[in-house]
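Colleague: Contents of input-v2.txt (compact mmCIF, N, CA and C atoms) are given next:
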# COMPACT_ATOMS: atom_id res chain seq x y z
N MET A 1 14.68 -8.17 -7.22
CA MET A 1 14.71 -6.99 -8.07
C MET A 1 14.94 -7.46 -9.50
N THR A 2 14.15 -6.92 -10.43
CA THR A 2 14.32 -7.24 -11.83
C THR A 2 14.69 -6.00 -12.61
N SER A 3 15.46 -6.20 -13.65
CA SER A 3 15.82 -5.06 -14.48
C SER A 3 15.39 -5.24 -15.92
N SER A 4 14.63 -6.29 -16.20
CA SER A 4 14.19 -6.52 -17.57
C SER A 4 12.92 -5.74 -17.87
N ALA A 5 12.56 -5.72 -19.12
CA ALA A 5 11.35 -5.02 -19.53
C ALA A 5 10.09 -5.78 -19.12
N GLU A 6 10.19 -7.07 -18.87
CA GLU A 6 9.06 -7.85 -18.43
C GLU A 6 8.96 -7.75 -16.92
N GLY A 7 7.75 -7.63 -16.41
CA GLY A 7 7.58 -7.50 -14.97
C GLY A 7 6.36 -8.24 -14.50
N SER A 8 6.41 -8.68 -13.27
CA SER A 8 5.29 -9.33 -12.63
C SER A 8 5.07 -8.67 -11.30
N GLU A 9 3.82 -8.46 -10.97
CA GLU A 9 3.50 -7.74 -9.75
C GLU A 9 3.67 -8.59 -8.50
N GLY A 10 3.63 -9.89 -8.61
CA GLY A 10 3.75 -10.73 -7.44
C GLY A 10 2.70 -10.38 -6.41
N SER A 11 3.12 -10.13 -5.18
CA SER A 11 2.18 -9.84 -4.10
C SER A 11 1.78 -8.38 -4.05
N ALA A 12 2.30 -7.55 -4.92
CA ALA A 12 2.02 -6.12 -4.85
C ALA A 12 0.70 -5.73 -5.50
N GLY A 13 0.05 -6.62 -6.18
CA GLY A 13 -1.22 -6.30 -6.80
C GLY A 13 -1.05 -5.89 -8.24
N GLY A 14 -2.15 -5.79 -8.96
CA GLY A 14 -2.09 -5.41 -10.36
C GLY A 14 -2.01 -6.63 -11.24
N SER A 15 -1.89 -6.41 -12.55
CA SER A 15 -1.84 -7.51 -13.49
C SER A 15 -0.45 -7.64 -14.05
N GLU A 16 -0.13 -8.87 -14.49
CA GLU A 16 1.16 -9.07 -15.12
C GLU A 16 1.16 -8.41 -16.47
N GLY A 17 2.34 -8.01 -16.93
CA GLY A 17 2.39 -7.37 -18.23
C GLY A 17 3.80 -7.02 -18.62
N SER A 18 3.90 -6.41 -19.77
CA SER A 18 5.18 -5.97 -20.28
C SER A 18 5.33 -4.48 -20.01
N PHE A 19 6.48 -4.08 -19.53
CA PHE A 19 6.70 -2.70 -19.14
C PHE A 19 7.89 -2.12 -19.88
N PRO A 20 7.95 -0.79 -19.95
CA PRO A 20 9.07 -0.15 -20.65
C PRO A 20 10.43 -0.53 -20.04
N ALA A 21 11.40 -0.71 -20.89
CA ALA A 21 12.76 -1.03 -20.45
C ALA A 21 13.44 0.22 -19.90
N PRO A 22 14.46 0.05 -19.06
CA PRO A 22 15.22 1.21 -18.59
C PRO A 22 15.77 1.98 -19.79
N ARG A 23 15.85 3.31 -19.62
CA ARG A 23 16.35 4.17 -20.69
C ARG A 23 17.75 4.66 -20.34
N SER A 24 18.66 4.49 -21.26
CA SER A 24 20.02 4.98 -21.08
C SER A 24 20.00 6.49 -20.89
N GLY A 25 20.71 6.97 -19.89
CA GLY A 25 20.78 8.40 -19.62
C GLY A 25 19.74 8.90 -18.66
N CYS A 26 18.79 8.06 -18.26
CA CYS A 26 17.76 8.48 -17.30
C CYS A 26 18.30 8.28 -15.89
N GLU A 27 18.35 9.36 -15.12
CA GLU A 27 18.88 9.28 -13.75
C GLU A 27 18.05 8.36 -12.86
N LEU A 28 16.75 8.32 -13.08
CA LEU A 28 15.90 7.47 -12.25
C LEU A 28 16.03 6.00 -12.62
N CYS A 29 16.25 5.70 -13.90
CA CYS A 29 16.53 4.32 -14.31
C CYS A 29 17.88 3.86 -13.74
N GLU A 30 18.83 4.77 -13.70
CA GLU A 30 20.16 4.45 -13.17
C GLU A 30 20.08 4.06 -11.69
N ALA A 31 19.24 4.74 -10.94
CA ALA A 31 19.03 4.44 -9.52
C ALA A 31 20.34 4.43 -8.72
N ALA A 32 21.15 5.45 -8.91
CA ALA A 32 22.42 5.55 -8.18
C ALA A 32 22.16 5.65 -6.68
N ARG A 33 22.97 5.03 -5.92
CA ARG A 33 22.78 4.96 -4.47
C ARG A 33 23.70 5.94 -3.75
N PHE A 34 23.22 7.17 -3.66
CA PHE A 34 23.96 8.22 -2.96
C PHE A 34 23.32 8.58 -1.63
N THR A 35 22.00 8.58 -1.60
CA THR A 35 21.25 9.01 -0.42
C THR A 35 20.65 7.80 0.29
N HIS A 36 19.99 8.06 1.41
CA HIS A 36 19.36 6.99 2.18
C HIS A 36 18.27 6.30 1.36
N TRP A 37 18.27 4.98 1.36
CA TRP A 37 17.22 4.18 0.72
C TRP A 37 16.35 3.56 1.80
N TYR A 38 15.03 3.78 1.68
CA TYR A 38 14.06 3.27 2.64
C TYR A 38 13.53 1.89 2.24
N HIS A 39 13.41 1.66 0.94
CA HIS A 39 12.73 0.45 0.45
C HIS A 39 13.18 0.15 -0.97
N GLU A 40 13.13 -1.15 -1.31
CA GLU A 40 13.43 -1.58 -2.67
C GLU A 40 12.73 -2.91 -2.93
N ASP A 41 12.06 -3.03 -4.07
CA ASP A 41 11.49 -4.30 -4.50
C ASP A 41 11.43 -4.32 -6.02
N ASP A 42 10.71 -5.28 -6.58
CA ASP A 42 10.69 -5.41 -8.04
C ASP A 42 9.80 -4.38 -8.73
N ILE A 43 9.03 -3.59 -7.99
CA ILE A 43 8.17 -2.55 -8.56
C ILE A 43 8.78 -1.16 -8.41
N CYS A 44 9.40 -0.89 -7.27
CA CYS A 44 9.86 0.48 -7.01
C CYS A 44 11.01 0.50 -6.03
N TRP A 45 11.56 1.69 -5.88
CA TRP A 45 12.49 1.96 -4.80
C TRP A 45 12.12 3.30 -4.19
N VAL A 46 12.45 3.46 -2.91
CA VAL A 46 12.17 4.71 -2.19
C VAL A 46 13.46 5.17 -1.55
N ALA A 47 13.87 6.39 -1.85
CA ALA A 47 15.10 6.96 -1.31
C ALA A 47 14.92 8.46 -1.14
N ASP A 48 15.82 9.08 -0.39
CA ASP A 48 15.81 10.54 -0.31
C ASP A 48 16.19 11.10 -1.68
N CYS A 49 15.41 12.06 -2.14
CA CYS A 49 15.69 12.74 -3.40
C CYS A 49 17.01 13.51 -3.26
N GLU A 50 17.85 13.43 -4.26
CA GLU A 50 19.13 14.15 -4.23
C GLU A 50 18.94 15.66 -4.27
N VAL A 51 17.82 16.12 -4.81
CA VAL A 51 17.58 17.56 -4.96
C VAL A 51 16.93 18.16 -3.72
N CYS A 52 15.86 17.53 -3.23
CA CYS A 52 15.08 18.15 -2.15
C CYS A 52 15.19 17.44 -0.80
N GLU A 53 15.89 16.31 -0.76
CA GLU A 53 16.11 15.59 0.50
C GLU A 53 14.83 15.09 1.16
N THR A 54 13.77 14.88 0.39
CA THR A 54 12.56 14.26 0.93
C THR A 54 12.42 12.87 0.33
N PRO A 55 11.70 11.96 1.01
CA PRO A 55 11.52 10.62 0.43
C PRO A 55 10.84 10.70 -0.93
N MET A 56 11.33 9.88 -1.85
CA MET A 56 10.83 9.86 -3.22
C MET A 56 10.67 8.39 -3.63
N VAL A 57 9.53 8.05 -4.21
CA VAL A 57 9.33 6.71 -4.76
C VAL A 57 9.52 6.77 -6.26
N VAL A 58 10.17 5.75 -6.81
CA VAL A 58 10.46 5.70 -8.25
C VAL A 58 10.04 4.34 -8.79
N TRP A 59 9.26 4.37 -9.86
CA TRP A 59 8.87 3.14 -10.56
C TRP A 59 10.09 2.55 -11.22
N ARG A 60 10.26 1.26 -11.14
CA ARG A 60 11.43 0.60 -11.71
C ARG A 60 11.45 0.60 -13.24
N HIS A 61 10.33 0.93 -13.85
CA HIS A 61 10.23 0.90 -15.31
C HIS A 61 10.14 2.32 -15.84
N HIS A 62 10.84 2.59 -16.94
CA HIS A 62 10.83 3.93 -17.50
C HIS A 62 9.48 4.20 -18.17
N GLY A 63 8.82 5.25 -17.74
CA GLY A 63 7.52 5.61 -18.29
C GLY A 63 6.75 6.43 -17.27
N THR A 64 5.60 6.93 -17.68
CA THR A 64 4.83 7.81 -16.82
C THR A 64 3.49 7.24 -16.38
N GLU A 65 3.12 6.07 -16.87
CA GLU A 65 1.81 5.52 -16.55
C GLU A 65 1.88 4.10 -16.03
N PRO A 66 2.30 3.92 -14.77
CA PRO A 66 2.30 2.57 -14.20
C PRO A 66 0.86 2.07 -14.02
N PRO A 67 0.68 0.76 -14.01
CA PRO A 67 -0.66 0.23 -13.76
C PRO A 67 -1.15 0.63 -12.37
N PRO A 68 -2.47 0.71 -12.18
CA PRO A 68 -3.02 1.13 -10.89
C PRO A 68 -2.50 0.32 -9.71
N GLY A 69 -2.30 -0.98 -9.87
CA GLY A 69 -1.77 -1.79 -8.78
C GLY A 69 -0.36 -1.36 -8.37
N HIS A 70 0.43 -0.97 -9.35
CA HIS A 70 1.78 -0.49 -9.06
C HIS A 70 1.71 0.87 -8.34
N VAL A 71 0.81 1.74 -8.79
CA VAL A 71 0.68 3.06 -8.16
C VAL A 71 0.28 2.89 -6.69
N SER A 72 -0.70 2.05 -6.42
CA SER A 72 -1.12 1.81 -5.03
C SER A 72 0.03 1.29 -4.19
N HIS A 73 0.75 0.34 -4.73
CA HIS A 73 1.90 -0.23 -4.02
C HIS A 73 2.96 0.85 -3.74
N MET A 74 3.26 1.67 -4.76
CA MET A 74 4.28 2.70 -4.59
C MET A 74 3.86 3.78 -3.59
N MET A 75 2.60 4.19 -3.63
CA MET A 75 2.14 5.21 -2.68
C MET A 75 2.18 4.68 -1.24
N ALA A 76 1.89 3.39 -1.06
CA ALA A 76 1.97 2.79 0.28
C ALA A 76 3.42 2.75 0.77
N ARG A 77 4.36 2.41 -0.09
CA ARG A 77 5.78 2.38 0.32
C ARG A 77 6.28 3.79 0.62
N LEU A 78 5.84 4.77 -0.18
CA LEU A 78 6.23 6.16 0.06
C LEU A 78 5.65 6.64 1.39
N ALA A 79 4.40 6.30 1.66
CA ALA A 79 3.77 6.68 2.93
C ALA A 79 4.52 6.08 4.12
N ASP A 80 4.96 4.83 3.99
CA ASP A 80 5.74 4.20 5.07
C ASP A 80 7.01 5.00 5.34
N ALA A 81 7.72 5.36 4.27
CA ALA A 81 8.98 6.11 4.42
C ALA A 81 8.72 7.50 4.99
N ALA A 82 7.70 8.18 4.50
CA ALA A 82 7.40 9.53 4.96
C ALA A 82 6.99 9.53 6.43
N THR A 83 6.20 8.57 6.83
CA THR A 83 5.77 8.49 8.22
C THR A 83 6.96 8.20 9.13
N SER A 84 7.87 7.35 8.69
CA SER A 84 9.05 7.07 9.52
C SER A 84 9.96 8.30 9.63
N ARG A 85 9.96 9.14 8.61
CA ARG A 85 10.83 10.32 8.61
C ARG A 85 10.19 11.54 9.26
N PHE A 86 8.91 11.79 8.97
CA PHE A 86 8.26 13.04 9.39
C PHE A 86 7.12 12.87 10.39
N GLY A 87 6.73 11.64 10.70
CA GLY A 87 5.58 11.40 11.55
C GLY A 87 4.32 11.25 10.72
N ALA A 88 3.27 10.76 11.33
CA ALA A 88 2.04 10.42 10.61
C ALA A 88 1.37 11.61 9.93
N ASP A 89 1.43 12.79 10.52
CA ASP A 89 0.72 13.94 9.96
C ASP A 89 1.66 15.03 9.47
N GLY A 90 2.93 14.71 9.27
CA GLY A 90 3.90 15.74 8.93
C GLY A 90 4.30 15.82 7.48
N TRP A 91 3.45 15.34 6.57
CA TRP A 91 3.84 15.30 5.16
C TRP A 91 2.62 15.18 4.26
N HIS A 92 2.83 15.41 2.95
CA HIS A 92 1.82 15.16 1.94
C HIS A 92 2.52 14.63 0.69
N ILE A 93 1.78 13.93 -0.17
CA ILE A 93 2.35 13.39 -1.40
C ILE A 93 2.24 14.43 -2.51
N ASP A 94 3.35 14.62 -3.20
CA ASP A 94 3.43 15.52 -4.36
C ASP A 94 3.75 14.65 -5.57
N ARG A 95 2.78 14.50 -6.47
CA ARG A 95 2.97 13.65 -7.65
C ARG A 95 3.37 14.43 -8.90
N VAL A 96 3.73 15.69 -8.76
CA VAL A 96 4.18 16.47 -9.91
C VAL A 96 5.62 16.08 -10.23
N MET A 97 5.87 15.68 -11.45
CA MET A 97 7.20 15.24 -11.87
C MET A 97 7.91 16.41 -12.55
N ARG A 98 8.52 17.26 -11.76
CA ARG A 98 9.08 18.51 -12.25
C ARG A 98 10.33 18.35 -13.10
N GLN A 99 11.38 17.81 -12.52
CA GLN A 99 12.68 17.81 -13.21
C GLN A 99 12.87 16.63 -14.14
N ILE A 100 12.18 15.54 -13.89
CA ILE A 100 12.28 14.37 -14.76
C ILE A 100 10.85 13.95 -15.11
N PRO A 101 10.24 14.62 -16.10
CA PRO A 101 8.83 14.40 -16.38
C PRO A 101 8.49 13.12 -17.14
N ASP A 102 9.50 12.37 -17.61
CA ASP A 102 9.20 11.18 -18.41
C ASP A 102 9.41 9.87 -17.66
N HIS A 103 9.58 9.93 -16.33
CA HIS A 103 9.75 8.71 -15.53
C HIS A 103 8.94 8.89 -14.24
N PHE A 104 7.99 7.99 -14.00
CA PHE A 104 7.09 8.12 -12.85
C PHE A 104 7.86 8.14 -11.54
N HIS A 105 7.58 9.16 -10.74
CA HIS A 105 8.10 9.27 -9.38
C HIS A 105 7.23 10.26 -8.62
N SER A 106 7.23 10.14 -7.30
CA SER A 106 6.47 11.04 -6.43
C SER A 106 7.28 11.30 -5.18
N HIS A 107 7.06 12.48 -4.59
CA HIS A 107 7.76 12.86 -3.37
C HIS A 107 6.80 12.95 -2.19
N ALA A 108 7.32 12.73 -1.00
CA ALA A 108 6.59 13.01 0.24
C ALA A 108 7.18 14.30 0.79
N ARG A 109 6.40 15.36 0.79
CA ARG A 109 6.89 16.68 1.18
C ARG A 109 6.46 17.02 2.60
N ASP A 110 7.38 17.52 3.37
CA ASP A 110 7.06 18.05 4.69
C ASP A 110 7.00 19.58 4.57
N PRO A 111 6.55 20.29 5.60
CA PRO A 111 6.45 21.75 5.49
C PRO A 111 7.79 22.46 5.21
N ARG A 112 8.90 21.81 5.56
CA ARG A 112 10.22 22.43 5.37
C ARG A 112 10.93 22.00 4.08
N TRP A 113 10.24 21.33 3.18
CA TRP A 113 10.95 20.71 2.06
C TRP A 113 11.71 21.71 1.20
N GLN A 114 11.20 22.90 1.01
CA GLN A 114 11.91 23.85 0.15
C GLN A 114 13.19 24.38 0.80
N SER A 115 13.17 24.62 2.08
CA SER A 115 14.36 25.14 2.75
C SER A 115 15.35 24.03 3.10
N ARG A 116 14.87 22.82 3.21
CA ARG A 116 15.73 21.69 3.59
C ARG A 116 16.91 21.51 2.64
N ARG A 117 16.66 21.67 1.36
CA ARG A 117 17.74 21.40 0.40
C ARG A 117 18.86 22.43 0.46
N TRP A 118 18.61 23.58 1.06
CA TRP A 118 19.65 24.60 1.16
C TRP A 118 20.38 24.56 2.50
N GLY A 119 19.75 24.01 3.53
CA GLY A 119 20.35 24.10 4.84
C GLY A 119 20.70 22.80 5.53
N ASP A 120 20.06 21.72 5.17
CA ASP A 120 20.31 20.45 5.85
C ASP A 120 21.36 19.63 5.10
N PRO A 121 22.22 18.92 5.82
CA PRO A 121 23.18 18.05 5.13
C PRO A 121 22.44 16.89 4.48
N PRO A 122 22.90 16.43 3.33
CA PRO A 122 22.24 15.32 2.66
C PRO A 122 22.43 14.00 3.41
N SER A 123 21.50 13.10 3.20
CA SER A 123 21.65 11.77 3.77
C SER A 123 22.68 11.00 2.94
N ARG A 124 23.07 9.85 3.46
CA ARG A 124 24.03 9.03 2.72
C ARG A 124 23.55 7.59 2.65
N TYR A 125 23.97 6.91 1.61
CA TYR A 125 23.56 5.52 1.42
C TYR A 125 24.33 4.62 2.37
N THR A 126 23.58 3.80 3.11
CA THR A 126 24.20 2.83 4.02
C THR A 126 23.56 1.46 3.86
N GLY A 127 22.86 1.26 2.77
CA GLY A 127 22.10 0.02 2.54
C GLY A 127 20.62 0.36 2.50
N VAL A 128 19.80 -0.61 2.18
CA VAL A 128 18.36 -0.40 2.10
C VAL A 128 17.74 -0.61 3.46
N GLY A 129 16.96 0.37 3.91
CA GLY A 129 16.34 0.29 5.23
C GLY A 129 17.32 0.77 6.29
N GLY A 130 17.01 0.48 7.49
CA GLY A 130 17.89 0.88 8.59
C GLY A 130 17.75 2.35 8.94
N GLU A 131 18.59 2.79 9.82
CA GLU A 131 18.54 4.17 10.30
C GLU A 131 19.12 5.13 9.27
N ARG A 132 18.43 6.24 9.08
CA ARG A 132 18.87 7.27 8.14
C ARG A 132 20.05 8.02 8.75
N GLN A 133 21.11 8.16 7.96
CA GLN A 133 22.31 8.89 8.40
C GLN A 133 22.60 10.03 7.43
N VAL A 134 23.16 11.11 7.96
CA VAL A 134 23.52 12.24 7.11
C VAL A 134 25.03 12.29 6.93
N ARG A 135 25.44 12.98 5.89
CA ARG A 135 26.88 13.14 5.62
C ARG A 135 27.46 14.16 6.59
N GLY A 136 28.68 13.88 7.02
CA GLY A 136 29.41 14.66 8.00
C GLY A 136 29.41 16.10 7.80
Turn this file's structure into structure tokens for me.
Modeller:
Amino acid sequence: MTSSAEGSEGSAGGSEGSFPAPRSGCELCEAARFTHWYHEDDICWVADCEVCETPMVVWRHHGTEPPPGHVSHMMARLADAATSRFGADGWHIDRVMRQIPDHFHSHARDPRWQSRRWGDPPSRYTGVGGERQVRG
């Protein structure tokens, strides 16, 4: 995992380049570990969204236009998490960045995503990967 403004795609595809640095005060740059984390690497992380409790992929660099190789990599990681949580046909990708429009992220939504945040207990962080657990 890198936190500098310089980034390399490594095996994830795309071209090497310079990327925006983390922005102070951005919740997605902060990447606080409160909910279940499905995946983490030098391009992105995937965790349950604190607001809607669905898997969300977040680009490690602050900005809205990741290179195409990064987008492909992130959508594949999000699909892995969504399939493990909802099954192969139980979700769709929502790329609308509603609450944080200046930092690239996407959600995997299931049919219950709107009601889930009001009725289901939130997941909790227990490390990256592993079995998803909810708070008591």
Colleague: Can you write out as a Markdown table which residues of segment 60-123 of chain A fall within 12 Å of segment 18-41 of chain A, alongside each residue's closest atom pair and its distance in Å to one decimal, counting only C-alpha atoms and ordering rows by chain and ascending residue number?
Modeller:
| residue | atom | partner | partner_atom | distance |
| --- | --- | --- | --- | --- |
| A:Arg60 | CA | A:Cys29 | CA | 6.8 |
| A:His61 | CA | A:Pro20 | CA | 5.6 |
| A:His62 | CA | A:Pro22 | CA | 5.3 |
| A:Gly63 | CA | A:Pro20 | CA | 6.4 |
| A:Thr64 | CA | A:Pro20 | CA | 9.8 |
| A:Glu65 | CA | A:Phe19 | CA | 9.9 |
| A:Pro66 | CA | A:Phe19 | CA | 8.5 |
| A:Pro67 | CA | A:Phe19 | CA | 9.6 |
| A:His70 | CA | A:Asp41 | CA | 11.4 |
| A:His73 | CA | A:Asp41 | CA | 10.4 |
| A:Met74 | CA | A:Asp41 | CA | 10.0 |
| A:Ala76 | CA | A:His39 | CA | 11.0 |
| A:Arg77 | CA | A:His39 | CA | 7.2 |
| A:Leu78 | CA | A:His39 | CA | 8.7 |
| A:Ala79 | CA | A:Tyr38 | CA | 10.8 |
| A:Asp80 | CA | A:Tyr38 | CA | 8.7 |
| A:Ala81 | CA | A:Tyr38 | CA | 6.1 |
| A:Ala82 | CA | A:Tyr38 | CA | 9.4 |
| A:Thr83 | CA | A:Tyr38 | CA | 11.3 |
| A:Ser84 | CA | A:Tyr38 | CA | 9.3 |
| A:Arg85 | CA | A:Tyr38 | CA | 9.8 |
| A:Met97 | CA | A:Leu28 | CA | 11.7 |
| A:Gln99 | CA | A:Glu27 | CA | 10.6 |
| A:Ile100 | CA | A:Leu28 | CA | 8.2 |
| A:Pro101 | CA | A:Leu28 | CA | 10.7 |
| A:Asp102 | CA | A:Cys26 | CA | 9.0 |
| A:His103 | CA | A:Leu28 | CA | 7.1 |
| A:Phe104 | CA | A:Leu28 | CA | 8.9 |
| A:His105 | CA | A:Leu28 | CA | 8.5 |
| A:Ser106 | CA | A:Leu28 | CA | 11.6 |
| A:Pro121 | CA | A:Thr35 | CA | 10.8 |
| A:Pro122 | CA | A:Thr35 | CA | 7.1 |
| A:Ser123 | CA | A:Thr35 | CA | 5.0 |
Colleague: Looking only at the backbone, which of the residues in segment 22-130 of chain A does DSSP tag as strand (DSSP E), as an MDAnalysis selection string?
Modeller: chainID A and resid 37:40 44:48 55:59 92:94 105:109 123:124
Colleague: Measure the distance from atom CA of Trp45 of chain A to atom N of Ser115 of chain A in Å and round it to one decimal.
Modeller: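 Between atom CA of Trp45 of chain A and atom N of Ser115 of chain A the gap is 23.7 Å.
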Colleague: Give the answer as one residue: which of A:Val71, A:Gly90, A:Val128, A:Glu50 has the shortest atom-to-atom distance to Arg112 of chain A, using only N, CA and C atoms?
Modeller: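 Among A:Val71, A:Gly90, A:Val128, A:Glu50, it is A:Gly90 that comes nearest to Arg112 of chain A.
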Colleague: Report as JSON the centre and the edge lengths, in Å to one decimal, of the axis-aligned box holding every listed atom of segment 17-26 of chain A, padded by 5 Å on each side.
Modeller:
{"center_x": 11.6, "center_y": 0.4, "center_z": -18.6, "size_x": 28.4, "size_y": 26.9, "size_z": 15.4}
Colleague: Give me, as a list in words, all polymer residues having an atom no more than 7 Å from Trp113 of chain A, counting all atoms listed in the file and skipping those fewer than 6 positions away in the same chain.
Modeller: Cys52, Glu53 and Thr54 of chain A
Colleague: Would you please extract all helix (DSSP H, G or I) residues from segment 57-123 of chain A, as assigned by DSSP on the backbone, and give them as a list in words?
Modeller: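 Filtering segment 57-123 of chain A down to helix (DSSP H, G or I) leaves Pro68, Gly69, His70, Val71, Ser72, His73, Met74, Met75, Ala76, Arg77, Leu78, Ala79, Asp80, Ala81, Ala82, Thr83, Ser84, Arg85, Phe86, Trp113, Gln114, Ser115, Arg116, Arg117, Trp118 and Gly119 of chain A.
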